[in-house]
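Chemist: Sending over coords.csv (CSV, C-alpha atoms).
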chain,number,residue,atom,x,y,z
T,258,MET,CA,150.7,-71.5,217.3
T,259,LYS,CA,150.5,-70.8,213.6
T,260,ILE,CA,148.0,-72.8,211.4
T,261,LYS,CA,147.7,-73.0,207.7
T,262,VAL,CA,144.4,-74.4,206.3
T,263,THR,CA,144.4,-75.2,202.5
T,264,VAL,CA,140.9,-75.4,201.1
T,265,GLN,CA,140.2,-77.0,197.7
T,266,LEU,CA,137.2,-78.1,195.8
T,267,LYS,CA,136.6,-81.9,196.2
T,268,PRO,CA,138.3,-84.0,193.5
T,269,ALA,CA,134.9,-85.0,192.1
T,270,ILE,CA,133.9,-81.3,191.5
T,271,LEU,CA,135.0,-79.6,188.4
T,272,ASP,CA,137.4,-76.7,189.1
T,273,PRO,CA,137.0,-74.4,186.2
T,274,GLN,CA,139.7,-72.0,187.5
T,275,GLY,CA,142.1,-74.9,187.6
T,276,LYS,CA,141.1,-75.9,184.1
T,277,ALA,CA,141.6,-72.4,182.8
T,278,VAL,CA,145.1,-72.2,184.4
T,279,GLU,CA,145.9,-75.6,183.0
T,280,GLN,CA,145.1,-74.4,179.5
T,281,GLY,CA,147.2,-71.3,180.1
T,282,LEU,CA,150.2,-73.3,181.2
T,283,GLN,CA,149.8,-75.7,178.3
T,284,SER,CA,149.6,-72.8,175.9
T,285,LEU,CA,153.0,-71.7,177.2
T,286,GLY,CA,154.4,-75.1,176.5
T,287,PHE,CA,154.4,-76.5,180.1
T,288,LYS,CA,153.2,-80.1,180.5
T,289,ALA,CA,150.9,-79.4,183.5
T,290,HIS,CA,147.9,-81.7,184.2
T,291,HIS,CA,145.2,-81.9,186.8
T,292,VAL,CA,145.6,-78.3,187.9
T,293,ARG,CA,143.5,-77.5,191.0
T,294,ILE,CA,143.2,-74.1,192.6
T,295,GLY,CA,142.6,-73.7,196.3
T,296,ARG,CA,142.7,-71.1,199.0
T,297,ALA,CA,145.2,-70.9,201.8
T,298,ILE,CA,144.1,-69.5,205.2
T,299,GLU,CA,146.7,-68.7,207.9
T,300,PHE,CA,146.0,-67.8,211.4
T,301,GLU,CA,147.4,-68.1,214.9
T,302,VAL,CA,145.6,-70.0,217.7
T,303,GLU,CA,146.3,-70.2,221.4
T,304,ALA,CA,147.2,-73.8,222.2
T,305,SER,CA,149.7,-75.6,224.3
T,306,THR,CA,150.1,-78.7,222.0
T,307,THR,CA,149.9,-79.2,218.3
T,308,GLU,CA,147.0,-81.6,218.8
T,309,GLN,CA,145.1,-79.0,220.6
T,310,ALA,CA,145.9,-76.4,217.8
T,311,ARG,CA,144.8,-78.9,215.2
T,312,ASP,CA,141.5,-79.7,217.0
T,313,GLU,CA,140.7,-76.0,217.2
T,314,ALA,CA,141.5,-75.5,213.5
T,315,GLN,CA,139.3,-78.5,212.7
T,316,LYS,CA,136.4,-76.9,214.5
T,317,MET,CA,136.9,-73.7,212.6
T,318,CYS,CA,136.8,-75.6,209.4
T,319,GLU,CA,133.5,-77.2,210.3
T,320,ALA,CA,132.0,-73.9,211.5
T,321,LEU,CA,133.0,-71.6,208.7
T,322,LEU,CA,136.2,-72.1,206.7
T,323,VAL,CA,135.0,-75.1,204.6
T,324,ASN,CA,131.7,-76.0,203.0
T,325,PRO,CA,131.8,-79.8,203.1
T,326,ILE,CA,129.4,-80.1,200.2
T,327,MET,CA,132.0,-78.9,197.8
T,328,GLU,CA,135.3,-78.5,199.6
T,329,LYS,CA,137.9,-80.4,201.5
T,330,ALA,CA,140.7,-79.0,203.7
T,331,VAL,CA,144.2,-79.9,204.8
T,332,ILE,CA,145.3,-78.5,208.2
T,333,GLU,CA,149.0,-77.9,208.9
T,334,VAL,CA,150.6,-76.7,212.1
T,335,LEU,CA,153.4,-74.4,211.0
T,336,PRO,CA,156.7,-74.3,212.9
M,630,MET,CA,101.5,-51.5,186.7
M,631,ARG,CA,100.1,-48.5,188.5
M,632,SER,CA,96.6,-47.2,187.9
M,633,ALA,CA,95.7,-43.5,187.4
M,634,SER,CA,94.9,-43.1,191.0
M,635,GLY,CA,98.5,-43.9,191.8
M,636,GLN,CA,97.5,-47.0,193.7
M,637,SER,CA,99.1,-50.2,192.5
M,638,HIS,CA,96.8,-52.8,191.0
M,639,TYR,CA,98.2,-55.3,193.3
M,640,GLY,CA,98.1,-53.0,196.3
M,641,LYS,CA,94.4,-52.6,196.5
M,642,SER,CA,93.6,-54.0,199.8
M,643,CYS,CA,89.8,-53.5,199.7
M,644,ASP,CA,88.6,-57.0,200.5
M,645,ARG,CA,92.0,-58.7,201.1
M,646,GLY,CA,92.6,-57.8,204.7
M,647,PRO,CA,95.8,-56.1,205.8
M,648,PRO,CA,98.7,-56.2,203.4
M,649,LEU,CA,101.4,-58.8,203.7
M,650,LYS,CA,104.2,-57.7,206.1
M,651,VAL,CA,107.6,-58.0,204.3
M,652,SER,CA,111.1,-57.7,205.7
M,653,ILE,CA,113.9,-57.2,203.2
M,654,LEU,CA,117.4,-57.9,204.6
M,655,ILE,CA,120.3,-55.6,203.8
M,656,PHE,CA,123.9,-56.8,204.1
M,657,PRO,CA,127.0,-54.8,203.2
M,658,GLY,CA,127.1,-55.5,199.4
M,659,SER,CA,123.4,-56.3,198.9
M,660,ASN,CA,122.4,-54.5,195.6
M,661,CYS,CA,119.0,-55.9,194.7
M,662,ASP,CA,117.3,-54.8,197.9
M,663,HIS,CA,115.8,-51.7,196.3
M,664,ASP,CA,114.4,-53.7,193.4
M,665,ALA,CA,112.8,-56.0,195.8
M,666,LEU,CA,111.5,-53.1,197.9
M,667,HIS,CA,110.0,-51.5,194.7
M,668,VAL,CA,108.1,-54.6,193.8
M,669,SER,CA,107.0,-55.4,197.3
M,670,GLN,CA,105.9,-51.9,198.3
M,671,ARG,CA,104.9,-50.2,195.1
M,672,LEU,CA,103.7,-53.0,192.8
M,673,MET,CA,102.3,-55.4,195.4
M,674,GLY,CA,101.3,-52.8,198.0
M,675,TRP,CA,102.8,-54.8,200.8
M,676,LYS,CA,103.9,-53.3,204.1
M,677,THR,CA,107.7,-53.5,203.6
M,678,ILE,CA,110.5,-52.7,206.0
M,679,SER,CA,114.2,-52.9,205.2
M,680,VAL,CA,116.1,-54.7,208.0
M,681,TRP,CA,119.8,-54.2,208.7
M,682,HIS,CA,121.9,-57.3,209.0
M,683,GLN,CA,123.1,-56.3,212.5
M,684,ASP,CA,119.6,-56.3,213.9
M,685,SER,CA,118.8,-59.4,216.0
M,686,GLU,CA,115.0,-59.4,215.5
M,687,LEU,CA,112.7,-59.2,212.5
M,688,PRO,CA,109.9,-56.6,212.7
M,689,VAL,CA,107.0,-58.1,214.6
M,690,ASN,CA,104.5,-60.1,212.6
M,691,THR,CA,106.7,-60.4,209.5
M,692,ASP,CA,105.0,-62.7,207.0
M,693,LEU,CA,107.7,-62.8,204.4
M,694,VAL,CA,111.5,-62.3,204.6
M,695,ILE,CA,113.2,-61.5,201.3
M,696,VAL,CA,117.0,-62.2,201.2
M,697,PRO,CA,118.0,-60.1,198.2
M,698,GLY,CA,120.7,-60.5,195.6
M,699,GLY,CA,124.0,-58.8,195.5
M,700,PHE,CA,127.5,-59.5,196.7
M,701,SER,CA,127.2,-59.7,200.5
M,702,TYR,CA,130.6,-59.1,202.1
M,703,GLY,CA,132.2,-59.0,198.6
M,704,ASP,CA,131.6,-62.8,198.3
M,705,TYR,CA,134.6,-63.2,200.7
M,706,LEU,CA,135.5,-66.8,201.6
M,707,ARG,CA,132.4,-68.2,199.7
M,708,CYS,CA,129.3,-66.5,198.3
M,709,GLY,CA,126.9,-66.0,201.2
M,710,ALA,CA,129.2,-67.6,203.9
M,711,ILE,CA,129.8,-64.5,206.0
M,712,ALA,CA,126.2,-63.2,205.6
M,713,SER,CA,124.9,-66.5,206.8
M,714,LEU,CA,126.5,-65.7,210.2
M,715,ALA,CA,125.0,-62.2,210.6
M,716,PRO,CA,122.9,-61.6,213.7
M,717,ILE,CA,119.6,-61.2,211.8
M,718,MET,CA,120.0,-64.8,210.4
M,719,LYS,CA,119.2,-66.3,213.8
M,720,ALA,CA,115.9,-64.5,213.6
M,721,VAL,CA,115.4,-65.7,210.0
M,722,HIS,CA,116.0,-69.3,211.3
M,723,ARG,CA,113.4,-68.8,213.9
M,724,HIS,CA,110.9,-67.3,211.4
M,725,ALA,CA,111.4,-70.2,209.0
M,726,SER,CA,111.1,-72.9,211.7
M,727,GLU,CA,107.8,-71.3,212.7
M,728,GLY,CA,106.6,-71.7,209.2
M,729,GLY,CA,107.2,-68.1,208.1
M,730,LEU,CA,107.9,-67.5,204.4
M,731,VAL,CA,111.5,-66.8,203.2
M,732,LEU,CA,112.4,-65.9,199.6
M,733,GLY,CA,116.1,-65.9,198.7
M,734,ILE,CA,117.0,-64.5,195.4
M,735,CYS,CA,120.5,-65.0,193.8
M,736,ASN,CA,123.0,-64.1,196.5
M,737,GLY,CA,120.0,-64.6,198.8
M,738,PHE,CA,119.8,-68.3,197.6
M,739,GLN,CA,123.5,-68.7,198.3
M,740,ILE,CA,123.1,-67.2,201.8
M,741,LEU,CA,120.2,-69.6,202.5
M,742,CYS,CA,122.3,-72.6,201.5
M,743,GLU,CA,125.3,-71.4,203.6
M,744,ALA,CA,122.9,-70.9,206.5
M,745,ALA,CA,121.6,-74.5,206.0
M,746,LEU,CA,118.1,-73.3,205.5
M,747,LEU,CA,118.2,-75.0,202.1
M,748,PRO,CA,120.4,-78.0,201.2
M,749,GLY,CA,123.2,-78.0,198.7
M,750,ALA,CA,125.6,-75.3,197.5
M,751,LEU,CA,126.2,-73.0,194.5
M,752,LEU,CA,129.4,-73.5,192.5
M,753,ARG,CA,131.1,-71.4,190.0
M,754,ASN,CA,129.2,-71.5,186.6
M,755,ARG,CA,130.3,-74.3,184.4
M,756,GLY,CA,131.8,-72.0,181.8
M,757,LEU,CA,133.6,-69.9,184.4
M,758,GLN,CA,131.9,-66.7,183.2
M,759,PHE,CA,129.5,-64.4,185.0
M,760,LEU,CA,126.2,-65.0,183.1
M,761,HIS,CA,123.7,-62.2,182.6
M,762,GLN,CA,121.0,-63.2,180.3
M,763,ARG,CA,117.3,-64.0,180.0
M,764,VAL,CA,116.4,-67.6,180.8
M,765,HIS,CA,113.3,-69.7,180.8
M,766,LEU,CA,112.2,-71.6,183.8
M,767,ARG,CA,109.7,-74.4,184.0
M,768,VAL,CA,107.4,-74.5,187.0
M,769,GLU,CA,107.7,-78.1,188.3
M,770,ARG,CA,105.2,-77.6,191.2
M,771,ASN,CA,102.3,-75.2,191.8
M,772,ASP,CA,101.3,-76.3,195.2
M,773,THR,CA,103.8,-74.1,197.1
M,774,PRO,CA,103.1,-70.6,198.4
M,775,PHE,CA,105.6,-69.3,195.8
M,776,THR,CA,104.0,-70.9,192.7
M,777,ALA,CA,100.3,-71.2,193.7
M,778,SER,CA,99.1,-68.8,191.0
M,779,LEU,CA,101.1,-70.5,188.3
M,780,ASN,CA,100.4,-73.7,186.3
M,781,GLN,CA,102.5,-76.8,186.5
M,782,GLY,CA,104.7,-76.9,183.4
M,783,GLN,CA,104.3,-73.1,182.8
M,784,LEU,CA,107.3,-71.3,181.4
M,785,LEU,CA,108.5,-68.1,183.0
M,786,GLU,CA,111.0,-65.7,181.5
M,787,MET,CA,113.4,-64.0,183.9
M,788,PRO,CA,116.9,-62.7,183.9
M,789,ILE,CA,119.9,-64.3,185.6
M,790,ALA,CA,123.0,-62.4,186.7
M,791,HIS,CA,125.5,-64.5,188.6
M,792,GLY,CA,128.9,-66.1,188.6
M,793,GLU,CA,128.1,-68.8,191.1
M,794,GLY,CA,124.7,-70.3,190.2
M,795,ASN,CA,125.7,-73.9,189.4
M,796,TYR,CA,123.7,-75.8,192.0
M,797,THR,CA,125.2,-78.9,193.4
M,798,CYS,CA,124.5,-81.4,196.2
M,799,ASP,CA,125.5,-85.0,197.0
M,800,GLU,CA,123.5,-88.0,195.7
M,801,ASP,CA,121.6,-88.5,199.0
M,802,THR,CA,120.5,-84.9,199.1
M,803,LEU,CA,119.4,-85.0,195.4
M,804,ALA,CA,117.4,-88.1,196.1
M,805,SER,CA,115.7,-86.5,199.0
M,806,LEU,CA,115.0,-83.3,197.0
M,807,LYS,CA,113.3,-85.4,194.4
M,808,ALA,CA,111.4,-87.6,196.9
M,809,ASN,CA,110.1,-84.5,198.7
M,810,ARG,CA,109.4,-82.7,195.5
M,811,GLN,CA,111.6,-79.7,196.5
M,812,ILE,CA,112.8,-78.8,193.0
M,813,ILE,CA,110.2,-76.3,191.9
M,814,LEU,CA,111.9,-74.3,189.1
M,815,LYS,CA,114.1,-75.8,186.4
M,816,TYR,CA,116.0,-74.1,183.6
M,817,ALA,CA,114.3,-74.9,180.2
M,818,HIS,CA,114.8,-74.0,176.6
M,819,PRO,CA,112.3,-71.5,175.2
M,820,SER,CA,110.5,-74.5,173.8
M,821,GLY,CA,110.0,-75.9,177.3
M,822,GLU,CA,112.4,-78.7,176.8
M,823,ILE,CA,114.8,-79.5,179.6
M,824,ASN,CA,118.2,-81.1,178.9
M,825,ASP,CA,121.9,-80.8,179.6
M,826,THR,CA,122.2,-77.5,177.7
M,827,SER,CA,119.1,-75.7,179.2
M,828,ALA,CA,121.0,-74.7,182.3
M,829,THR,CA,123.7,-72.4,181.0
M,830,ASN,CA,125.4,-72.3,184.4
M,831,GLY,CA,125.7,-76.1,184.5
M,832,SER,CA,123.3,-76.5,187.4
M,833,LEU,CA,122.7,-80.1,188.6
M,834,GLU,CA,119.4,-81.5,187.1
M,835,GLN,CA,118.9,-78.0,185.7
M,836,ILE,CA,117.9,-76.8,189.1
M,837,ALA,CA,117.0,-73.1,189.2
M,838,GLY,CA,115.0,-73.0,192.5
M,839,ILE,CA,114.3,-75.3,195.4
M,840,VAL,CA,112.2,-75.1,198.5
M,841,ASN,CA,112.9,-76.6,201.9
M,842,GLN,CA,111.0,-79.7,203.0
M,843,SER,CA,108.1,-77.8,204.5
M,844,GLY,CA,107.9,-75.6,201.4
M,845,ASN,CA,108.0,-72.3,203.2
M,846,VAL,CA,111.6,-71.3,202.1
M,847,LEU,CA,112.4,-70.8,198.5
M,848,GLY,CA,115.8,-70.1,197.0
M,849,LEU,CA,116.3,-69.3,193.3
M,850,MET,CA,119.1,-67.9,191.2
M,851,PRO,CA,117.0,-66.0,188.6
M,852,HIS,CA,115.6,-62.6,189.5
M,853,PRO,CA,111.8,-62.4,189.6
M,854,GLU,CA,112.0,-58.9,191.1
M,855,ARG,CA,113.7,-57.6,187.9
M,856,ALA,CA,110.9,-59.1,185.7
M,857,CYS,CA,107.7,-57.4,187.1
M,858,GLU,CA,107.0,-54.5,184.7
M,859,ALA,CA,106.4,-54.4,181.0
M,860,SER,CA,108.6,-51.3,180.8
M,861,LEU,CA,111.5,-53.4,181.9
M,862,GLY,CA,110.8,-56.0,179.2
M,863,MET,CA,109.6,-58.9,181.3
M,864,VAL,CA,106.6,-59.5,183.6
M,865,ASP,CA,106.8,-63.2,184.5
M,866,GLY,CA,108.5,-62.5,187.8
M,867,LEU,CA,105.2,-61.1,189.1
M,868,GLY,CA,103.8,-64.7,189.1
M,869,ILE,CA,106.0,-65.5,192.1
M,870,PHE,CA,104.8,-62.4,194.0
M,871,GLN,CA,101.2,-62.8,193.0
M,872,SER,CA,101.4,-66.4,194.2
M,873,LEU,CA,102.5,-65.2,197.6
M,874,GLU,CA,99.6,-62.8,197.7
M,875,HIS,CA,97.2,-65.6,196.6
M,876,SER,CA,98.5,-68.1,199.2
M,877,ARG,CA,98.2,-65.6,202.0
M,878,ARG,CA,94.5,-65.2,201.3
M,879,LEU,CA,94.1,-68.9,201.3
M,880,VAL,CA,95.8,-69.2,204.7
M,881,SER,CA,94.2,-66.2,206.4
Would you mind writing the structure in this file as structure tokens?
Modeler:
Amino acid sequence: MKIKVTVQLKPAILDPQGKAVEQGLQSLGFKAHHVRIGRAIEFEVEASTTEQARDEAQKMCEALLVNPIMEKAVIEVLP
Amino acid sequence: MRSASGQSHYGKSCDRGPPLKVSILIFPGSNCDHDALHVSQRLMGWKTISVWHQDSELPVNTDLVIVPGGFSYGDYLRCGAIASLAPIMKAVHRHASEGGLVLGICNGFQILCEAALLPGALLRNRGLQFLHQRVHLRVERNDTPFTASLNQGQLLEMPIAHGEGNYTCDEDTLASLKANRQIILKYAHPSGEINDTSATNGSLEQIAGIVNQSGNVLGLMPHPERACEASLGMVDGLGIFQSLEHSRRLVS
């Protein structure tokens, strides 16, 4: 089963990359606000149900993929 | 730093007992390990061994582990995240839990945070840019093995060179850092004043270096090992290494 984990800095933490991109977009005339930049991690896991796949991905987030001090993650099971 | 005989001033072991035994870890992408080796071996006269990250044990009787600066694993995922999982880190955990000394410099500090040997994390610098400059640090505590030869309130001049040195932690962690007096080095202005602008990287509470609760593990973003010789322009880093030498004599 294919999993996509999107990791972003927590909302309370300043995302300087997002800020820089926001300024770039605005300098081009786009009305973009609150730009946040994250990282997408895709992988396949062996699981028979989506719950099982999600659980496994959650464990991976806790063990390595996410630093809970500064980041949060959204786990998606891809079709 | 070296006398005419070729023997380091700090390396004279006459009445000091055997030299400190130091292990310097090397990860793929470490690039300050030779600087640390030079200071440890040549200037301090310590028995120093470089240890590969795939090793599962530290050399027997290691007193001090130095986790050097660099870009371990190309800073993939997060700075220090992959290195914190290397086989040697289990041995470093054991060493620290037995009271052994650990000094993490720059990327070494990031690795120690990722390995949970120190609390908190290091974010991208406030201004986004990689900062390479001389900074001043104020010694907040001199009753640790890393600062024992220094005075409380003393200013040290050292270089920084990092993109992710902006220390952060949650409120509870900050409260416990303060309660346990774990913040031992803060970024200061050359006047000694500490305020919102003294940490150019944006570090929380101007934190430059913290110890663990028992005080035997230090992580700091500035580079003491690059500030040990007058010919390099700065000598204040020696204070950290001389403190370790000094504390060892107190213990042994």
Chemist: Pick out the residues sitting within 9 Å of stretch 706-712 of chain M, and hand them over as a list in words; count all atoms listed in the file, and ignore anything fewer than 4 positions along from it in its own chain.
Modeler: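 Once the adjacent positions are removed, what remains is Arg296, Leu321, Leu322, Val323 and Asn324 of chain T; Phe656, Pro657, His682, Phe700, Ser701, Tyr702, Pro716, Met718, Asn736, Gly737, Phe738, Gln739, Ile740, Leu741, Cys742, Glu743, Ala744, Leu751 and Glu793 of chain M.
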Chemist: Per residue of chain M within 10 Å of chain T, what are the shortest atom pair and its distance in Å to one decimal, counting all atoms listed in the file, with rows by chain and residue number, as CSV?
Modeler:
residue,atom,partner,partner_atom,distance
M:Leu706,CA,T:Leu322,CA,7.4
M:Arg707,CA,T:Asn324,CA,8.5
M:Ala710,CA,T:Leu321,CA,7.3
M:Ile711,CA,T:Leu321,CA,8.2
M:Ser713,CA,T:Leu321,CA,9.8
M:Leu714,CA,T:Leu321,CA,8.9
M:Glu743,CA,T:Asn324,CA,7.9
M:Pro748,CA,T:Ile326,CA,9.3
M:Gly749,CA,T:Ile326,CA,6.7
M:Ala750,CA,T:Ile326,CA,6.7
M:Leu751,CA,T:Met327,CA,8.9
M:Leu752,CA,T:Met327,CA,8.0
M:Arg753,CA,T:Pro273,CA,7.6
M:Asn754,CA,T:Pro273,CA,8.3
M:Arg755,CA,T:Pro273,CA,6.9
M:Gly756,CA,T:Pro273,CA,7.2
M:Leu757,CA,T:Pro273,CA,5.9
M:Gln758,CA,T:Pro273,CA,9.7
M:Thr797,CA,T:Ile326,CA,8.1
M:Cys798,CA,T:Ile326,CA,6.5
M:Asp799,CA,T:Ile326,CA,7.0
Chemist: Residues at most 7 Å from M:Ala817, counting only C-alpha atoms, excluding those fewer than 5 positions away in the same chain, as a PyMOL selection string?
Modeler: chain M and resi 765-767+822-823+827
Chemist: Taking all atoms listed in the file into account, which of T:Ala314, T:Val278, T:Leu335, T:Ala304 comes nearest T:His291?
Modeler: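 Using all atoms listed in the file, T:His291 sits closest to T:Val278.
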Chemist: Neighbours of M:Gly728 within 10 Å (all atoms listed in the file; same-chain residues fewer than 5 positions away dropped), as a list of chain:residue names?
Modeler: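 Listing them by chain and then by number gives M:Asp692, M:His722, M:Arg723, M:Ser843, M:Gly844, M:Asn845, M:Val846.
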Chemist: Residues near T:Gln315, anyone? I mean within 10 Å using only C-alpha atoms, not counting same-chain ones fewer than 6 positions away, as a ChimeraX atom specification.
Modeler: /T:262,309,322-323,330-332
Chemist: So how many Å separate atom CA of T:Val264 and atom CA of T:Ile294, to one decimal?
Modeler: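 So the answer is 8.9 Å.
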Chemist: Quick one: pull the distance between atom CA of T:Thr307 and atom CA of T:Lys261, Å, one decimal.
Modeler: 12.5 Å
Chemist: So what do you get for atom CA of M:Leu747 versus atom CA of M:Asn841, distance-wise?
Modeler: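 One can read the atom CA of M:Leu747 to atom CA of M:Asn841 distance as 5.5 Å.
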Chemist: T:Glu313: which residues within 10 Å, counting only C-alpha atoms, same-chain residues fewer than 5 positions away excluded, as number ranges by chain?
Modeler: T: 260, 302-304, 307-308, 318
Chemist: Could you check which of T:Val334, T:Leu285, T:Val292, T:Ala297 is closest to T:Arg311, using all atoms listed in the file?
Modeler: T:Val334
Chemist: So which one's closest to M:Leu746, M:Ile695, M:Val680, M:Leu847, M:Ile717? Using all atoms listed in the file, please.
Modeler: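 Looking at the shortest contact to M:Leu746, the residue is M:Leu847.
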Chemist: Counting only C-alpha atoms, which residue out of M:Ala856, M:Val651, M:Met787, M:Leu730 sits closest to M:Gly674?
Modeler: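 Result for the nearest residue to M:Gly674: M:Val651.
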